[in-house]
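Enquirer: Can you read through this structure? Questions will come right after.
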Amino acid sequence: MKKIKIAAFGGFRSIPPKPGAAGSDKFAFELYPRIVQNGAELTAYCRIYPNENTEISKNHKGVRKLFLTTTDKAGFDSLLHSFKSTLHIIFKSDADVVHIHSGANSVWAIFLRLFGKKVVITQFAMDWKRDKWPWYGKMYYLISNYLTAYFPNEVVFDNIYTKEYFEEKFKKKFTFIPYGSEVPDPKPSSDILSRLSVKKKEYFLFVGRFIPDKGIHILVDAFKEINTDKKLILIGGSPNPDEYETKIKNCVDERIICPGYIYGDDTNYLIKHAYVYIQPSLIEGLSPVILTVMGIGTPLICSDIVENKYITKENALHFQSGIVSSLKEKIVFSFDNYSILLDKAASGQRDVKERFNWDTIAKQYLTILKK
């Protein structure tokens with residue numbers, strides 16, 4: 001039987017993820033090898049930035065990687081890369097179907113379909129609400145919503161609330177497939193704690209992009225008001241930090257550690273041995289980090305936005321999104337009520353492993369792509 005051939009591009013930068021990675025990179029990293037294992041051929045269009053010193057591997061667990069150069073100018077790197085990917089797929093690829101990350105890239109579905117390609121788009125969060133975008137960026141996303149609704153052959157949402165928004169606005173039915181939660185058990189030992197000069201259960205942790213809608217400034221302000229010897233580790237950052245990221249990393253508190261980009265086993269080890277993981281998001285899709293934290297079984301404090309509560313149910317402490325005093329209250333609560341957080345973490349681990357299974361998700365995606 002002939003294998004289906006899939007081309008993929010959009011929000012992700014590379015497989016496996018590298019510095020500057022976001023949830024879309026993790027999504028591609030987990031999903032695409034599983035799709036290949038289920039009998040498809042898949043080419044992932046990855047990005048190379050100017051002056052990037054990296055060893056390029058052309059294959060990852062059966063996924064063919066094709067690298068295209070792009071600019072290092074924030075906001076335009078994805079646009080240029082998607083443009084180049086579209087041209088390559090139209091004129092040089094024999095892919096049967098194209099999988100595109102993010103509705104912001106829906107414009108490329110128009111050209112791909114004109115040249116006979118089938119297109120599936122995965123739409124994540126309500127990106128037009130993110131504070132990091134100027135007014136014209138938000139306007140672009142709002143216009144892209146119309147393209148997303150009408151031009152692809154299929155649209156998949158990993159966020160049930162964004163799906164409901166689109167269905168109500170455009171009077172159409174769309175597909176919901178969630179993000180996955182499984183992560184391998186962290187390795188039994190690592191030198192990452194000694195490298196950061198911290199001990200097990202003696203630090204709070206955040207992992208993610210340093211952008212305003214992640215609410216890191218809320219976390220930093222709340223933590224600075226708390227009298228504790230525990231540390232706060234903020235993992236992440238961009239190769240080209242902006243003013244917001246620089247301000248976060250330059251905050252004056254010796255208890256706050258910003259070691260930069262860490263990924264893979266070391267990150268999971270840090271999550272495993274954190275006292276509490278804190279996710280202060282103002283806006284989210286279906287958060288890959290929250291799913292990872294809950295899959296590992298680490299106590300969690302997160303903002304009370306509906307996307308977070310959809311994942312956690314009652315298995316995390318929730319604070320009022322954007323309110324420093326509310327987050328401070330929950331952190332202080334964890335000191336005297338840690339057993340409650342541990343019980344929630346154990347219950348949450350069982351729940352997400354049942355609801356968010358990557359192998360099942362990969363099969364659902366492959367069914368959509370074949371259809």
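Lettering and numbering for the structure tokens are positional, with chains as A, B, ... in the shown order, residues counted from 1 in each chain, and ligands counted from 1 in the shown order.
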Could you list, as a list in words, every residue within 8 Å of A:Tyr32, counting only C-alpha atoms and ignoring same-chain residues fewer than 3 positions away?
Expert: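 The neighbour list is Ala28, Phe29, Ile35, Val36, Leu42, Val63 and Ala362 of chain A.
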Enquirer: Please identify all polymer residues within 6 Å of stretch 11-27 of chain A, counting only C-alpha atoms, omitting same-chain residues fewer than 2 positions from it, and present them as a PDB file with C-alpha atoms, in the first residue's frame.
Expert:
```pdb
ATOM      1  CA  PHE A  29       8.921  16.751  18.096  1.00  0.00           C
ATOM      2  CA  GLU A  30       6.345  14.471  19.713  1.00  0.00           C
ATOM      3  CA  LEU A  31       3.831  14.119  16.869  1.00  0.00           C
ATOM      4  CA  CYS A  46      13.096  23.570   9.613  1.00  0.00           C
ATOM      5  CA  ARG A  47      14.707  26.997  10.004  1.00  0.00           C
ATOM      6  CA  HIS A 101       1.146  25.104  12.215  1.00  0.00           C
ATOM      7  CA  SER A 238      15.732  33.798  22.928  1.00  0.00           C
ATOM      8  CA  TYR A 261      17.858  27.752  27.427  1.00  0.00           C
ATOM      9  CA  PRO A 288       2.553  21.746  26.592  1.00  0.00           C
TER      10      PRO A 288
END
```
Enquirer: From the list A:Leu282, A:Lys344, A:Arg64, A:Asp72, which residue is nearest A:Pro239 when using only C-alpha atoms?
Expert: A:Asp72
Enquirer: For stretch 212-215 of chain A, list every protein, DNA or RNA residue within 6 Å, evaluated using only C-alpha atoms, and leave out those in the same chain fewer than 5 positions away; present the list as a tab-separated table (two decimals) with C-alpha atoms, in the first residue's frame.
Expert:
```
chain	number	residue	atom	x	y	z
A	130	ARG	CA	-1.30	38.35	22.80
A	280	PRO	CA	1.55	32.44	35.32
A	281	SER	CA	0.15	32.65	31.77
A	282	LEU	CA	-2.16	35.47	30.75
A	283	ILE	CA	-2.92	33.71	27.43
```
Enquirer: Counting only C-alpha atoms, what is within 12 Å of A:Lys249, bar same-chain residues fewer than 2 positions away, as number ranges by chain?
Expert: A: 210, 216-217, 220, 232-238, 241-247, 251-254, 256-260
Enquirer: Considering only C-alpha atoms, can you say which of A:Gln37, A:Gly285, A:Ser339, A:Gly295 comes closest to A:Ser181?
Expert: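 Smallest separation from A:Ser181 among the options: A:Gly295.
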Enquirer: Given the choices A:Ile311, A:Ala345, A:Ile218, A:Ile226, which gets closest to A:Tyr277 if the distance is worked out from only C-alpha atoms?
Expert: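 Looking at the shortest contact to A:Tyr277, the residue is A:Ala345.
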Enquirer: My list of candidates is A:Asn308, A:Ser144, A:Ser347, A:Asn250. Which is closest to A:Ile278 when distances are computed with only C-alpha atoms?
Expert: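 Closest residue, counting only C-alpha atoms: A:Asn308.
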Enquirer: My list of candidates is A:Gln279, A:Gln349, A:Ser287, A:Thr70. Which is closest to A:Phe319 when distances are computed with only C-alpha atoms?
Expert: A:Gln279
Enquirer: Near A:Lys313, within 12 Å and counting only C-alpha atoms, which residues show up once chain neighbours fewer than 4 positions away are dropped, as a short mmCIF file (atom, residue, chain, number, x, y, z; two decimals) with C-alpha atoms, in the first residue's frame?
Expert:
```
data_model
loop_
_atom_site.label_atom_id
_atom_site.label_comp_id
_atom_site.auth_asym_id
_atom_site.auth_seq_id
_atom_site.Cartn_x
_atom_site.Cartn_y
_atom_site.Cartn_z
CA ILE A 290 1.50 22.16 32.04
CA MET A 294 1.36 17.05 35.34
CA LEU A 300 1.52 22.96 40.11
CA CYS A 302 -1.12 28.17 37.50
CA ASP A 304 -7.07 30.47 36.30
CA ILE A 305 -7.57 31.05 32.56
CA VAL A 306 -10.01 28.54 31.10
CA GLU A 307 -7.37 26.83 28.94
CA ASN A 308 -5.29 25.98 32.01
CA LYS A 309 -8.27 24.80 34.04
CA LEU A 317 -3.72 25.55 42.73
CA HIS A 318 -5.21 28.35 40.63
CA LYS A 344 -3.39 17.14 43.62
CA ALA A 345 -0.23 16.31 41.65
CA SER A 347 -4.40 12.82 40.96
CA GLY A 348 -3.47 15.07 38.05
CA GLN A 349 -0.79 12.71 36.81
CA ASP A 351 -5.83 12.07 34.82
CA VAL A 352 -3.69 13.63 32.10
CA ARG A 355 -6.87 12.06 28.61
#
```
Enquirer: Show me, as a PDB file with C-alpha atoms, in the first residue's frame, the residues that have an atom within 8 Å of A:Phe166 when counting only C-alpha atoms, minus same-chain residues fewer than 5 positions from it.
Expert:
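selection.pdb was written with the following content:
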```
ATOM      1  CA  ALA A 149     -11.902  29.093   8.474  1.00  0.00           C
ATOM      2  CA  LYS A 171     -20.968  28.747  11.687  1.00  0.00           C
ATOM      3  CA  LYS A 172     -18.820  25.737  10.761  1.00  0.00           C
TER       4      LYS A 172
END
```
